[in-house]
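Written out below as structure tokens is the structure these notes cover.
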Amino acid sequence: MSTAYEPKAIEKKWQDIWQEEKAFAATEDYTKPKYYALVEFPYPSGQGLHVGHPRPYTALDIVARKRRMQGYNVLYPMGWDAFGLPTENYAIKNHIHPRIVTHNNVARFKQQLMSLGYSFDWDREINTTDPNYYKWTQWIFLKLFKAGLAYKSEMPINWCTSCKVGLANEEVVNGVCERCGGEVVRRVRSQWMLKITAYADKLIDDLDGLDYIERVKVSQKNWIGRSYGAEVDFSIKDKEEKLRIYTTRPDTLFGVTYMVLSPEHPYIDKFRDEIENWDEIAAYREQAARKSDFERSELAKEKTGVPIKGLVAVNPVNGKEIPIWISDYVLMSYGTGAIMAVPGHDERDWEFAKKFGLPIIEVVAGGNVEEAAFTDVATGTLVNSGFLTGMEVADAKKAITDWLVENKVGTPKKNFKLRDWVFSRQRYWGEPIPIVKCEKCGYVPLPESELPLKLPDVESYMPTDTGESPLAAMTDWVNTTCPCCGGPAKRETDTMPQWAGSSWYFLRYTDPHNDEALASPEALKYWMPVDWYNGGMEHTTLHLLYSRFWHKFLYDEGVVPCPEPYQKRTSHGMILGENGEKMSKSRGNVVNPDDIVNEFGADTLRTYEMFIGAFDLSASWSQEGVKGCRRFLDRVWKLQDLTVDGDAYSSDLETKMHQTIKKVDSDYESLKFNTAIAAMMGLVNQFYKKGSITRGELRTFLILLNPVAPHITEQMWQDMGYEGRLYQASWPVYDEAKTVENTVEVAVQMNGKMRGTVTIAVDASKEDALAAAKEALGTRLKGEIVKEIYVPGRIINIVVKG
RNA sequence: GCCGGUGUGUCGGAAUGGCAGACGAGGCAGACUCAAAAUCUGUUGUGGGCAACCACGUGCGGGUUCAAGUCCCGCCACCGGCACCA
């Protein structure tokens with residue numbers, strides 16, 4: 001009899017052995033085939049590890065361990081995305097330096113991750129707050145600056161009047177500060193911006209060659225929001241200036257009945273003297289300016305606006321004079337800040353026209369424009385549209401665009417919803433921006449030799465009243481000399497956002513200790529791109545887009561060897577509390593992974609998290625389910641007592657063995673860990689039913705289970721006296737021919753309804769199969785047979801009439 | 001409103017158009033035990049029938065097919081994201 005299964009007695013022991021033997025170190029042998037598996041590195045929060053973390057980590061740990069057993073040189077690294085607001089706020093509240101808070105949190109996280117037995121290569125651990133790391137974050141920023149992709153711009157930010165602090169959009173809830181409930185207003189500040197829009201086309205087009213799950217691609221495309229249309233110049237009566245608009249429906253130009261300017265449109269001030277109802281316009285504009293984003297969207301349903309008296313636009317296609325309105329449903333930040341309104345074929349324009357009694361002209365047949373805007377572009381023929389009348393929408397678009405170009409009143413134009421990236425934070429705990437401002441020379445980049453520009457060790461990192469970064473108070477640090485002219489200059493006091501460090505960290509893992517470059521060209525050439533990257537859906541449009549942007553830029557600069565950082569991207573679902581709600585302290589449904597490891601063991605936690613359900617869907621925690629997985633591992637442990645001699649598979653289980661290898665192998669590849677584990681549970685049940693397992697069967701079984709439950713299997717491997725370590729074993733292969741039984745149970749149906757089963761040879765002829773089926777049906781088979789269907793190995797269906 | 005996702009036993013969840021409910025949990029019955037826990041064995045969709053068996057059953061309504069949880073059309077509910085992008 002074996003001793004009882006005691007995870008505590010074996011898990012720490014094997015973790016230490018693996019560490020000592022450098023079992024999972026990626027080697028520098030660039031002749032071997034490589035595999036780079038990556039999970040998003042965590043933000044080391046003060047709460048410690050959440051049970052959500054192990055889900056993706058275990059999933060790719062399974063893939064990494066399997067790849068090693070398949071002979072790959074595997075890179076599976078881990079690190080810390082440690083700059084950020086929560087640490088800074090905690091530091092302020094508790095009067096501990098953020099560096100120390102980070103250090104403590106990282107230590108705790110690392111200890112917790114270690115206790116789960118992940119095969120991370122800990123020699124490559126990185127930390128975004130390490131000056132040796134952020135030196136290269138700053139280096140990339142300088143490259144962006146020199147390439148003209150980093151620039152300063154006036155931008156409104158969210159300002160909490162009570163905390164006196166700039167807030168991220170996510171920190172503004174229902175128009176008030178998330179933390180104190182204080183009023184949030186918009187303040188205009190000069191901010192560093194990154195020109196991600198310069199890569200908008202590539203960020204969409206290059207998705208085609210990538211193995212990303214479809215919904216990630218769709219989200220990225222929608223976020224970038226590319227549209228094709230035309231810019232058209234409307235003349236303004238008795239004026240030289242043209243009113244330029246953007247439209248995706250130039251084909252509807254004959255249906256324009258009015259124009260709308262955004263309240264921020266420069267023409268309003270420009271033509272102030274001509275506007276007869278200036279007071280009314282000014283009042284509307286002020287009202288719009290006062291609205292927060294929240295209020296603007298709340299009031300989105302009810303359109304508001306004021307006609308501008310004294311200005312009249314002229315439609316270039318037919319010379320018709322049309323009124324110009326001002327309304328906040330037109331945004332200054334998209335297109336030209338002005339639109340042509342076609343109420344017959346645009347829902348917003350239709351709503352506005354109905355409210356203010358403006359005319360509606362039908363120019364595309366197919367709907368009833370008095371009832372609703374007709375926006376279908378697939379069907380419909382142009383009417384009331386001069387030379388376009390009679391054309392289909394697609395043809396009309398092309399014809400009118402040609403006409404606009406020919407008559408020099410418009411051009412084809414492509415637009416994006418994507419905005420440039422606001423890259424400044426008025427905070428202490430982030431990477432300093434390596435720029436100084438000189439009165440004479442303007443914004444001057446620090447020379448590379450001065451990197452890293454370290455965060456000064458301030459006494460107080462409290463936010464200031466003025467909305468400036470706490471760094472601004474550090475006059476010794478701020479006042480410097482200009483690298484260009486040597487005159488007095490001031491350092492930039494804003495820091496980078498948390499997204500900066502995570503936008504290139506996957507490159508650093510390939511060569512984490514390099515002092516000469518962010519990574520050596522050889523390491524990058526060998527390891528990149530990442531073969532499989534898994535992370536949360538919440539990072540689809542921010543982190544994933546930002547890091548692709550940086551990578552593409554570095555590719556254009558010749559720093560990295562490939563245009564895309566990640567070949568494959570998958571996403572995991574959330575783990576919810578037992579009540580099906582998101583885990584949170586206030587709901588009291590938080591499960592601490594440490595407790596599960598203590599009570600059941602790391603292997604049980606790993607197995608359960610993989611068994612809980614489909615990997616990409618959210619799943620509710622169940623303590624009973626955890627117990628079931630522990631019970632399974634107990635049964636695995638006791639297989640040792642059933643072992644009999646024999647390196648081969650026993651004849652009655654041979655097929656089952658080959659089937660299970662095939663199933664587990666393919667399920668691990670397609671993230672179907674729950675069914676892989678179910679298959680292994682089924683196999684264990686068979687061993688018990690039979691009452692014995694050969695050494696050869698157990699050996700294969702241990703390898704299959706190892707990626708999920710590495711400690712128990714490694715221990716059993718040793719106890720059974722198999723050669724070497726289990727982590728060094730080779731992944732088993734199956735024989736396709738041996739995955740099929742000689743005889744098979746086939747369902748028998750009559751008129752498509754189940755009537756029983758027959759056991760026949762797997763390659764039985766149709767005649768034999770039908771004969772067997774008819775015998776099984778016996779007297780129940782009556783009436784005239786009209787059709788007989790036989791799908792070998794699957795089903796026999798006899799269709800009768802009468 | 002738009003985009004994406006999800007609806008299957010008591011619960012978590014399985015099912016290349018081919019035996020719905022694998023696997024796990026829970027329940028019930030039994031074995032072991034003085035007893036309980038643990039463990040082991042059996043059983044477990046609903047209704048009818050002593051039984052063989054029959055009928056019904058994958059959110060709702062239609063359809064295609066010899067055969068639909070799966071494909072098509074039209075809805076409903078819930079979850080997540082975006083929100084006047086011309």
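In the structure tokens, chains take the letters A, B, ... in the order shown, each chain's residues start at 1, and ligands count up from 1 in the order shown.
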(message) At a cut-off of 12 Å, using only C-alpha atoms (C1' of nucleotides), what residues contact A14 in chain B? Leave out same-chain residues fewer than 5 positions from it and give the result as a VMD selection string.
(response) (chain A and resid 611 613 to 614 672 674 to 679) or (chain B and resid 8 20 to 24 69)
(request) Enumerate as an NGL selection string the residues belonging to chain A that approach chain B to within 7 Å, with only C-alpha atoms (C1' of nucleotides) taken into account. (result) :A and (215 or 246-247 or 300 or 329 or 334 or 339 or 348 or 417 or 612-613 or 624-625 or 628 or 678 or 681 or 747 or 751-752 or 754 or 789 or 794-795 or 797 or 799)
Env of Tyr461 in chain A: 9 Å cut, atoms = only C-alpha atoms (C1' of nucleotides), seq-sep filter 5 positions within chain, self excluded. Answer as a PDB file with N, CA and C atoms, in the first residue's frame.
```pdb
ATOM      1  N   GLU A  88       0.481  53.987  -5.593  1.00  0.00           N
ATOM      2  CA  GLU A  88       0.762  55.353  -5.172  1.00  0.00           C
ATOM      3  C   GLU A  88      -0.250  55.804  -4.116  1.00  0.00           C
ATOM      4  N   ALA A  91       0.489  54.167  -0.900  1.00  0.00           N
ATOM      5  CA  ALA A  91       1.693  54.763  -0.312  1.00  0.00           C
ATOM      6  C   ALA A  91       1.370  56.075   0.387  1.00  0.00           C
ATOM      7  N   ILE A  92       0.526  56.894  -0.283  1.00  0.00           N
ATOM      8  CA  ILE A  92       0.151  58.185   0.300  1.00  0.00           C
ATOM      9  C   ILE A  92      -0.609  57.968   1.608  1.00  0.00           C
ATOM     10  N   HIS A  97       6.903  54.491   1.117  1.00  0.00           N
ATOM     11  CA  HIS A  97       7.315  54.832  -0.246  1.00  0.00           C
ATOM     12  C   HIS A  97       6.775  53.794  -1.248  1.00  0.00           C
ATOM     13  N   ARG A 427       1.430  62.259 -12.110  1.00  0.00           N
ATOM     14  CA  ARG A 427       1.596  61.356 -10.992  1.00  0.00           C
ATOM     15  C   ARG A 427       3.069  61.088 -10.742  1.00  0.00           C
ATOM     16  N   TYR A 428       3.369  60.579  -9.561  1.00  0.00           N
ATOM     17  CA  TYR A 428       4.757  60.276  -9.208  1.00  0.00           C
ATOM     18  C   TYR A 428       5.174  58.887  -9.688  1.00  0.00           C
ATOM     19  N   TRP A 429       4.344  57.867  -9.415  1.00  0.00           N
ATOM     20  CA  TRP A 429       4.793  56.489  -9.588  1.00  0.00           C
ATOM     21  C   TRP A 429       4.646  56.002 -11.027  1.00  0.00           C
ATOM     22  N   SER A 469       2.247  67.329 -11.587  1.00  0.00           N
ATOM     23  CA  SER A 469       2.807  66.126 -10.982  1.00  0.00           C
ATOM     24  C   SER A 469       3.532  66.477  -9.695  1.00  0.00           C
ATOM     25  N   PRO A 470       3.560  65.572  -8.716  1.00  0.00           N
ATOM     26  CA  PRO A 470       4.325  65.809  -7.486  1.00  0.00           C
ATOM     27  C   PRO A 470       5.791  66.099  -7.794  1.00  0.00           C
ATOM     28  N   LEU A 471       6.251  65.650  -8.927  1.00  0.00           N
ATOM     29  CA  LEU A 471       7.652  65.884  -9.291  1.00  0.00           C
ATOM     30  C   LEU A 471       7.949  67.371  -9.472  1.00  0.00           C
TER      31      LEU A 471
END
```
(request) Fewer than 3 positions away in the same chain doesn't count, so skip those; otherwise give me all residues within 12 Å of C28 in chain B, counting only C-alpha atoms (C1' of nucleotides), as a ChimeraX atom specification. (result) /B:42-44
(request) For CA of Leu60 in chain A and CA of Pro7 in chain A, quote the distance in Å rounded to one decimal. (result) 22.3 Å
(message) Env of range 582-599 of chain A: 9 Å cut, atoms = only C-alpha atoms (C1' of nucleotides), seq-sep filter 6 positions within chain, self excluded. Answer as a PyMOL selection string.
(response) chain A and resi 7-8+48-51+54+112+115-116+574-576+605+620-621+626
